[in-house]
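The file query.txt contains compact mmCIF, C-alpha atoms:
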# COMPACT_ATOMS: atom_id res chain seq x y z
CA MET R 6 53.47 21.59 24.84
CA SER R 7 52.82 18.97 27.52
CA GLY R 8 51.85 15.44 26.67
CA ALA R 9 48.41 16.08 28.13
CA SER R 10 47.94 19.05 25.83
CA ARG R 11 49.07 16.99 22.85
CA ILE R 12 46.56 14.27 23.74
CA VAL R 13 43.78 16.83 24.04
CA ALA R 14 44.81 18.34 20.72
CA GLY R 15 44.46 14.88 19.26
CA LEU R 16 41.00 14.41 20.74
CA GLU R 17 39.95 17.77 19.34
CA ALA R 18 41.43 17.05 15.93
CA ALA R 19 39.58 13.72 15.85
CA GLY R 20 36.26 15.44 16.53
CA VAL R 21 35.71 14.19 20.06
CA THR R 22 32.87 16.19 21.62
CA LEU R 23 32.56 14.53 25.04
CA ALA R 24 35.09 12.91 27.36
CA ALA R 25 33.65 10.85 30.20
CA SER R 26 36.04 9.98 32.97
CA VAL R 27 36.76 8.44 36.32
CA PRO R 28 40.16 9.80 37.30
CA ASP R 29 43.29 8.42 38.81
CA THR R 30 46.44 10.45 39.33
CA TRP R 31 47.41 10.40 35.66
CA ILE R 32 43.92 10.61 34.15
CA GLY R 33 43.13 13.43 36.56
CA LYS R 34 45.98 15.46 35.11
CA LEU R 35 44.79 14.66 31.62
CA MET R 36 41.23 15.65 32.44
CA ALA R 37 42.49 18.98 33.76
CA ALA R 38 43.76 19.60 30.25
CA VAL R 39 40.50 18.35 28.72
CA ARG R 40 38.61 20.91 30.78
CA THR R 41 40.48 23.70 29.01
CA SER R 42 39.09 22.55 25.66
CA LYS R 43 36.46 24.71 24.05
CA THR R 44 35.05 21.80 22.04
CA ILE R 45 35.10 18.83 24.40
CA ARG R 46 32.57 18.48 27.21
CA ALA R 47 34.19 16.88 30.25
CA VAL R 48 31.85 14.60 32.21
CA ASP R 49 32.78 13.22 35.61
CA ALA R 50 31.32 9.77 36.16
CA ALA R 51 31.10 7.93 39.45
CA ARG R 52 32.03 4.59 37.93
CA GLU R 53 33.66 3.46 34.72
CA GLU R 54 30.71 1.55 33.21
CA GLU R 55 28.76 4.79 33.34
CA ALA R 56 31.53 6.61 31.53
CA VAL R 57 31.35 4.08 28.71
CA ALA R 58 27.59 4.43 28.36
CA ILE R 59 27.79 8.24 28.54
CA ALA R 60 30.37 8.31 25.76
CA CYS R 61 28.26 5.92 23.68
CA GLY R 62 25.21 8.12 24.22
CA ALA R 63 27.08 11.15 22.91
CA THR R 64 28.14 9.17 19.85
CA LEU R 65 24.65 7.85 19.18
CA ALA R 66 23.34 11.42 19.43
CA GLY R 67 25.64 12.60 16.66
CA GLY R 68 28.75 13.56 18.60
CA ARG R 69 31.86 11.58 19.36
CA GLY R 70 32.45 10.25 22.86
CA ALA R 71 35.66 9.11 24.49
CA VAL R 72 36.39 7.39 27.80
CA LEU R 73 39.33 8.29 30.06
CA ILE R 74 39.87 5.84 32.90
CA GLN R 75 42.43 3.72 34.73
CA ASN R 76 43.12 0.10 33.79
CA ALA R 77 41.46 -1.03 37.02
CA GLY R 78 38.36 0.80 35.84
CA LEU R 79 38.55 -0.82 32.45
CA PHE R 80 38.42 -4.18 34.21
CA ASN R 81 35.02 -3.12 35.55
CA CYS R 82 33.71 -2.62 32.04
CA GLY R 83 33.49 -6.13 30.61
CA GLY R 84 29.72 -6.21 30.73
CA VAL R 85 29.07 -2.86 29.12
CA LEU R 86 31.75 -3.47 26.50
CA ALA R 87 30.06 -6.70 25.49
CA GLY R 88 26.42 -5.74 26.01
CA LEU R 89 26.50 -2.20 24.65
CA VAL R 90 29.64 -1.27 22.70
CA SER R 91 30.12 -4.55 20.86
CA LEU R 92 26.51 -5.64 20.67
CA TYR R 93 25.37 -2.36 19.11
CA ARG R 94 28.63 -1.71 17.24
CA ILE R 95 29.27 1.74 18.72
CA PRO R 96 32.64 3.42 18.14
CA CYS R 97 34.24 4.01 21.53
CA PHE R 98 37.77 5.30 22.05
CA PHE R 99 39.44 4.75 25.40
CA ILE R 100 42.46 6.39 26.94
CA VAL R 101 43.48 4.11 29.78
CA SER R 102 46.23 4.73 32.30
CA TYR R 103 48.49 1.69 32.26
CA ARG R 104 49.16 1.36 35.95
CA GLY R 105 51.63 -1.28 36.99
CA ASP R 106 53.65 -1.55 33.83
CA ARG R 107 57.42 -1.25 33.86
CA ARG R 108 57.20 2.57 33.79
CA ASP R 109 54.99 2.81 36.86
CA PRO R 110 56.99 3.30 40.07
CA ILE R 111 54.12 2.42 42.42
CA TYR R 112 54.48 -1.20 43.56
CA TYR R 113 50.85 -1.85 44.42
CA HIS R 114 49.74 -1.30 40.83
CA GLN R 115 51.83 -4.21 39.57
CA PRO R 116 49.08 -6.87 39.73
CA LYS R 117 46.93 -4.70 37.46
CA GLY R 118 49.83 -4.16 35.13
CA ARG R 119 50.43 -7.88 34.79
CA VAL R 120 46.89 -8.60 33.64
CA THR R 121 46.20 -5.52 31.51
CA GLU R 122 47.40 -6.67 28.12
CA PRO R 123 46.21 -10.26 28.61
CA THR R 124 42.77 -8.93 29.57
CA LEU R 125 42.59 -6.63 26.56
CA SER R 126 43.58 -9.49 24.32
CA ALA R 127 41.13 -11.91 25.91
CA TRP R 128 38.32 -9.40 25.52
CA GLY R 129 39.27 -8.79 21.90
CA LEU R 130 39.94 -5.09 22.48
CA PRO R 131 42.28 -3.52 19.93
CA PHE R 132 44.91 -1.52 21.79
CA ALA R 133 48.12 0.40 21.39
CA ILE R 134 50.65 1.69 23.88
CA ALA R 135 51.26 5.42 23.63
CA ASP R 136 54.76 6.67 22.97
CA HIS R 137 55.39 10.27 23.98
CA THR R 138 58.70 10.32 22.10
CA THR R 139 56.80 10.31 18.81
CA ASP R 140 53.69 12.15 17.61
CA LEU R 141 51.29 11.64 20.50
CA GLN R 142 48.55 13.73 18.89
CA ALA R 143 48.62 11.53 15.82
CA GLN R 144 48.37 8.40 17.97
CA VAL R 145 45.19 9.75 19.51
CA VAL R 146 43.71 10.71 16.16
CA HIS R 147 44.54 7.27 14.80
CA GLY R 148 42.89 5.62 17.78
CA VAL R 149 39.67 7.59 17.42
CA ASP R 150 39.61 7.02 13.68
CA SER R 151 40.17 3.30 14.20
CA ALA R 152 37.24 3.11 16.62
CA VAL R 153 35.02 4.86 14.10
CA ALA R 154 36.22 2.67 11.24
CA SER R 155 35.66 -0.52 13.19
CA SER R 156 32.44 0.63 14.91
CA GLY R 157 33.86 -0.70 18.13
CA PRO R 158 36.24 -0.11 21.00
CA VAL R 159 39.88 0.94 20.67
CA VAL R 160 42.16 1.46 23.65
CA LEU R 161 45.24 3.68 23.91
CA LEU R 162 47.27 2.84 26.99
CA ILE R 163 49.18 5.76 28.49
CA SER R 164 51.74 6.10 31.22
CA GLY R 165 52.47 9.01 33.52
CA GLU R 166 55.36 10.16 31.40
CA ASP R 167 53.03 10.50 28.40
CA ILE R 168 51.14 13.36 29.99
CA GLU R 169 54.12 15.31 31.37
CA MET O 20 1.68 3.14 32.19
CA LEU O 21 4.19 2.59 29.40
CA GLU O 22 1.46 3.25 26.85
CA ALA O 23 0.51 6.45 28.67
CA LEU O 24 4.11 7.63 28.66
CA VAL O 25 4.57 6.82 24.98
CA ALA O 26 1.41 8.74 24.14
CA MET O 27 2.98 11.87 25.65
CA LEU O 28 6.21 11.67 23.64
CA THR O 29 6.81 13.94 20.69
CA PRO O 30 9.37 13.91 17.89
CA SER O 31 11.48 16.32 19.94
CA ASP O 32 11.95 13.64 22.59
CA VAL O 33 14.34 10.70 22.59
CA LEU O 34 13.54 7.45 24.38
CA VAL O 35 16.19 5.13 25.85
CA SER O 36 14.93 1.84 27.21
CA SER O 37 16.55 -0.56 29.62
CA LEU O 38 16.54 -4.23 28.87
CA GLY O 39 13.54 -6.35 29.72
CA ALA O 40 9.86 -5.60 29.49
CA ASN O 41 10.37 -2.02 28.31
CA SER O 42 12.38 -3.03 25.28
CA ARG O 43 10.12 -6.00 24.59
CA TYR O 44 6.91 -3.96 24.62
CA LEU O 45 8.14 -0.91 22.72
CA PRO O 46 8.25 -2.46 19.22
CA HIS O 47 4.54 -3.11 19.61
CA LEU O 48 3.73 0.51 20.40
CA ASN O 49 3.56 3.52 18.13
CA VAL O 50 6.37 5.65 19.54
CA ASN O 51 6.54 9.14 18.12
CA ALA O 52 10.22 9.64 19.00
CA PRO O 53 13.57 7.97 18.28
CA VAL O 54 13.99 4.86 20.42
CA PHE O 55 17.18 3.17 21.53
CA ALA O 56 16.24 -0.09 23.21
CA LEU O 57 18.75 -2.14 25.17
CA CYS O 58 18.53 -5.89 25.37
CA ASP O 59 21.53 -6.32 27.66
CA SER O 60 23.85 -4.22 29.79
CA MET O 61 21.84 -3.68 32.96
CA GLY O 62 22.26 -0.19 34.32
CA ALA O 63 23.28 1.44 31.05
CA ALA O 64 20.00 3.18 30.18
CA ILE O 65 20.41 6.28 32.36
CA PRO O 66 24.08 6.99 31.56
CA LEU O 67 23.40 6.33 27.88
CA ALA O 68 20.56 8.83 28.01
CA LEU O 69 22.79 11.27 29.88
CA GLY O 70 25.36 11.18 27.09
CA MET O 71 22.63 11.84 24.54
CA ALA O 72 21.17 14.66 26.61
CA LEU O 73 24.53 16.40 26.96
CA GLN O 74 25.23 16.01 23.27
CA ARG O 75 21.81 17.21 22.20
CA PRO O 76 20.52 19.84 24.63
CA ASP O 77 17.82 20.71 22.11
CA ARG O 78 16.08 17.37 22.68
CA HIS O 79 14.50 15.93 25.80
CA VAL O 80 15.82 12.48 26.58
CA VAL O 81 13.73 10.01 28.54
CA ALA O 82 15.31 6.95 30.13
CA LEU O 83 13.33 3.92 31.22
CA GLU O 84 15.02 1.97 33.98
CA GLY O 85 14.12 -0.78 36.42
CA ASP O 86 14.84 -1.01 40.12
CA GLY O 87 16.96 -4.14 39.64
CA SER O 88 19.19 -2.36 37.15
CA LEU O 89 19.50 0.83 39.14
CA LEU O 90 20.26 -1.11 42.29
CA MET O 91 23.41 -2.31 40.50
CA CYS O 92 24.65 1.23 39.96
CA PRO O 93 22.74 3.86 41.95
CA ASN O 94 25.91 5.92 41.74
CA VAL O 95 24.74 7.07 38.32
CA LEU O 96 22.29 9.35 40.11
CA ALA O 97 25.27 11.30 41.47
CA THR O 98 26.77 11.48 38.00
CA VAL O 99 23.51 12.86 36.63
CA ALA O 100 23.21 15.37 39.45
CA ALA O 101 26.76 16.56 38.83
CA ALA O 102 26.29 16.89 35.07
CA ARG O 103 23.02 18.81 35.58
CA PRO O 104 21.43 18.13 32.20
CA SER O 105 18.39 20.33 31.69
CA ASN O 106 16.80 17.79 29.38
CA LEU O 107 16.85 14.38 31.04
CA THR O 108 13.99 12.55 32.72
CA ALA O 109 14.41 9.04 34.09
CA LEU O 110 11.45 6.81 34.84
CA LEU O 111 12.14 4.08 37.34
CA TRP O 112 9.83 1.08 37.38
CA VAL O 113 9.84 -0.38 40.86
CA ASN O 114 8.50 -3.90 41.22
CA GLY O 115 11.09 -5.50 43.46
CA HIS O 116 11.94 -8.22 40.96
CA TYR O 117 14.32 -9.07 38.17
CA GLU O 118 11.41 -9.51 35.82
CA SER O 119 13.29 -10.30 32.64
CA SER O 120 15.50 -12.98 34.13
CA GLY O 121 12.81 -15.13 35.66
CA GLY O 122 11.22 -13.00 38.31
CA GLN O 123 13.74 -13.44 41.08
CA ALA O 124 13.29 -11.07 43.99
CA LEU O 125 15.68 -8.18 44.51
CA PRO O 126 17.56 -8.06 47.80
CA SER O 127 14.75 -7.39 50.22
CA ALA O 128 15.86 -3.96 51.35
CA PRO O 129 13.21 -1.25 51.58
CA VAL O 130 15.00 1.14 49.26
CA ASP O 131 13.47 4.61 49.36
CA TRP O 132 14.22 5.62 45.78
CA PRO O 133 12.89 9.19 45.95
CA GLU O 134 14.90 9.96 49.07
CA LEU O 135 17.95 8.21 47.65
CA ALA O 136 17.76 10.32 44.48
CA LYS O 137 17.35 13.48 46.51
CA GLY O 138 20.31 12.45 48.60
CA PHE O 139 22.39 12.17 45.47
CA GLY O 140 21.37 15.70 44.52
CA ILE O 141 18.47 15.22 42.13
CA ALA O 142 15.86 17.70 43.30
CA ASN O 143 13.08 16.94 40.83
CA VAL O 144 11.75 13.64 42.09
CA ALA O 145 8.18 12.41 42.17
CA ARG O 146 6.53 9.14 43.08
CA VAL O 147 3.89 8.16 40.54
CA GLY O 148 1.20 5.66 41.38
CA ASP O 149 -1.09 5.59 38.38
CA VAL O 150 -1.68 6.87 34.86
CA PRO O 151 -3.40 10.14 35.85
CA ALA O 152 -0.47 10.94 38.13
CA LEU O 153 1.96 10.18 35.32
CA ARG O 154 0.08 12.50 32.99
CA VAL O 155 0.69 15.28 35.49
CA ALA O 156 4.21 14.36 36.58
CA PHE O 157 5.84 13.73 33.19
CA PRO O 158 5.06 17.10 31.57
CA ARG O 159 6.14 18.76 34.79
CA ALA O 160 9.44 16.85 34.76
CA ARG O 161 10.01 17.64 31.10
CA ALA O 162 9.47 21.33 31.76
CA ALA O 163 11.68 21.42 34.85
CA LYS O 164 14.92 22.33 33.01
CA ALA O 165 16.77 20.10 35.43
CA PRO O 166 17.26 16.33 35.68
CA ALA O 167 14.20 14.55 36.99
CA LEU O 168 13.36 11.11 38.32
CA LEU O 169 9.87 9.67 38.35
CA VAL O 170 9.48 6.62 40.56
CA LEU O 171 6.67 4.36 39.39
CA ASP O 172 5.53 1.65 41.74
CA VAL O 173 4.15 -1.24 39.73
CA ALA O 174 2.94 -4.68 40.65
CA PHE O 175 5.01 -7.69 39.67
CA ASP O 176 2.88 -10.24 37.83
CA PRO O 177 4.80 -13.42 37.03
CA SER O 178 2.06 -14.45 34.60
CA GLU O 179 2.18 -11.23 32.57
CA PRO O 180 2.51 -12.24 28.89
CA ILE O 181 5.46 -9.99 28.01
CA PRO O 182 6.27 -10.40 24.32
CA PRO O 183 9.74 -11.63 23.40
CA TYR O 184 12.42 -9.38 21.94
CA SER O 185 11.46 -8.71 18.36
CA GLU O 186 14.22 -6.38 17.18
CA ARG O 187 17.90 -7.16 16.79
CA PRO O 188 20.52 -4.73 18.13
CA ASP O 189 21.82 -4.03 14.64
CA GLU O 190 18.30 -3.08 13.56
CA ILE O 191 17.86 -0.79 16.56
CA ARG O 192 21.25 0.80 15.97
CA ALA O 193 20.64 1.30 12.26
CA ARG O 194 17.25 2.90 12.76
CA PHE O 195 18.23 5.18 15.62
CA ARG O 196 18.70 8.72 14.38
CA ILE O 197 18.20 12.04 16.14
CA ALA O 198 17.35 14.59 13.49
Any chance you could put this one into C-alpha cells?
Amino acid sequence: MSGASRIVAGLEAAGVTLAASVPDTWIGKLMAAVRTSKTIRAVDAAREEEAVAIACGATLAGGRGAVLIQNAGLFNCGGVLAGLVSLYRIPCFFIVSYRGDRRDPIYYHQPKGRVTEPTLSAWGLPFAIADHTTDLQAQVVHGVDSAVASSGPVVLLISGEDIE
Amino acid sequence: MLEALVAMLTPSDVLVSSLGANSRYLPHLNVNAPVFALCDSMGAAIPLALGMALQRPDRHVVALEGDGSLLMCPNVLATVAAARPSNLTALLWVNGHYESSGGQALPSAPVDWPELAKGFGIANVARVGDVPALRVAFPRARAAKAPALLVLDVAFDPSEPIPPYSERPDEIRARFRIA
C-alpha cells in the first residue's frame, strides 16, 4: 500500500468527511488518493484560507474537515487560523507538504523549509513530522484525534517520500 | 433588507454571517435558523458556508458577505462554482466601504460583481435593489438547486447607529447546531 493510501486510510479511520485542498506536486498525488475514497468529499479550493474555512464549515455542520496544502499555503493562513479556527475553537487537522526540508531535492523550496517549523511554533500550532517508516495511518488518526481533543489546529508535515 | 431576508428564513436554512454590521445586527433579530456569526476573518463567510453546504446537502446555507471582504478573495467564487453546491446562496452587500473598520473607502474600482461572478462560473446571479426585489430573488435563488449570488447595492451611511458586538465567539460556537 502506498503512503498516500495509508494516509487516506487514516483520514477515513479518523472520520474525516471532507478534505479541502490547494495542491502542490506532493499534495496533488495525495489528493488523487483522496478522490478514490468513498467517504471523503474532496474539495478543490482556489486559495488556502478558503480551504481552512471550508473544512471548518464541514466540521461545524457535523462532519469532520481536513486541510491538505503546501507549507507556502499554510503561511497564507495566519489570519483565518487566528480569526476563525482559534477564535471559535474549531478542530482543524492539516496535512502540509514540508517543502524545503532536508528531504526535498528542489533548491528553491529551501527558504520555505527554513521558516516552516519556526512559523508553526510562533503561531502556536501543534505539529508533528510524518515518518513513513512507521505506522503512517496511525499518525494521521492521532493528528485528527488531537485536533478534536484540543478543539484547535494540528499539523502533520509530510514529505514526498511519505506518499510514495 | 437584512430584516426582510431574516423573515424569509426557515429552520431548514442555515445562516453564516461575515464580520461587521451583519453579525452586530443579527443578535437583535429573531432568526428562525441556526446562525454562525463571524466577528473576524474577513472573507471566510462564503467558504465556511460552502463547507456546511457540502456537509449538509439537506439544508440550505445562506452566506452574508460584504464587498470589502469579497474583494480580498474573489477567487472563492471559482471554488464555489467548481464545487457546485445545490444549496448555497450568498448575499453580497455592496456599499463601497469597509464599514466595520471606520468607513474607509474600498479601492475605487468599478467592480461589476454580477459579471465577475458569472465569469467565475456562477450562473445564478441577480442584482437586488430593494426589499420587494429581495422577496422575489431570494426564494428563486433558494429553489435554483445551484449556487447563487445576490448582489445588494446599499447606501453607506457613516452615521448609521450599528449596535456593537453582543455575542462572544464561544457563545456563538456553543449555540450553533444544525439538527
**Report entry** Distance filter 9 Å, all atoms listed in the file, chain R against chain O, as a PyMOL selection string
**Finding:** chain R and resi 22-23+25+46+48-52+54-70+84-89+92-95
Report task. Please tell me which residues are no farther than 12 Å from (4.7, -13.5, 29.2) in the file, counting only C-alpha atoms, and write them as a PyMOL selection string. Result -> chain O and resi 39-40+43-44+118-122+175-184
Report task. Extract, using all atoms listed in the file, all DNA, RNA and protein residues at most 9 Å from Leu130 (chain R), discarding same-chain residues fewer than 3 positions from it, and format them as a list in words. Result -> Thr124, Leu125, Ser126, Ala127, Gly157, Pro158, Val159 and Val160 of chain R
Requested in this report: Would you work out the distance separating CA of Ser88 (chain O) from CA of Gly115 (chain O), expressed in Å to one decimal?
Outcome: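 Computing the Euclidean distance for CA of Ser88 (chain O) and CA of Gly115 (chain O) yields 10.7 Å.
Considering the residues O:Pro53, O:Pro76, O:Gly140, O:Pro129 and counting all atoms listed in the file, Thr29 (chain O) has its shortest atom-to-atom contact with O:Pro53.
Each of R:Leu73, R:Ile32, R:Cys97, R:Val21 was checked against Asp167 (chain R) using only C-alpha atoms; the smallest atom-to-atom distance is that of R:Ile32.
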Query - Contact residues around Leu161 (chain R) with all atoms listed in the file at 12 Å, ignoring same-chain residues under 3 positions, as a ChimeraX atom specification - result: /R:12,16,71-76,79,97-103,121-122,125,130-136,141-149,151-152,158,164,167
Query raised in the report: For the atom pair CA of Glu22 (chain O) and CA of Ala100 (chain O), what is the interatomic distance in Å to one decimal place?
Result: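 Calculated distance between CA of Glu22 (chain O) and CA of Ala100 (chain O) is 27.9 Å.
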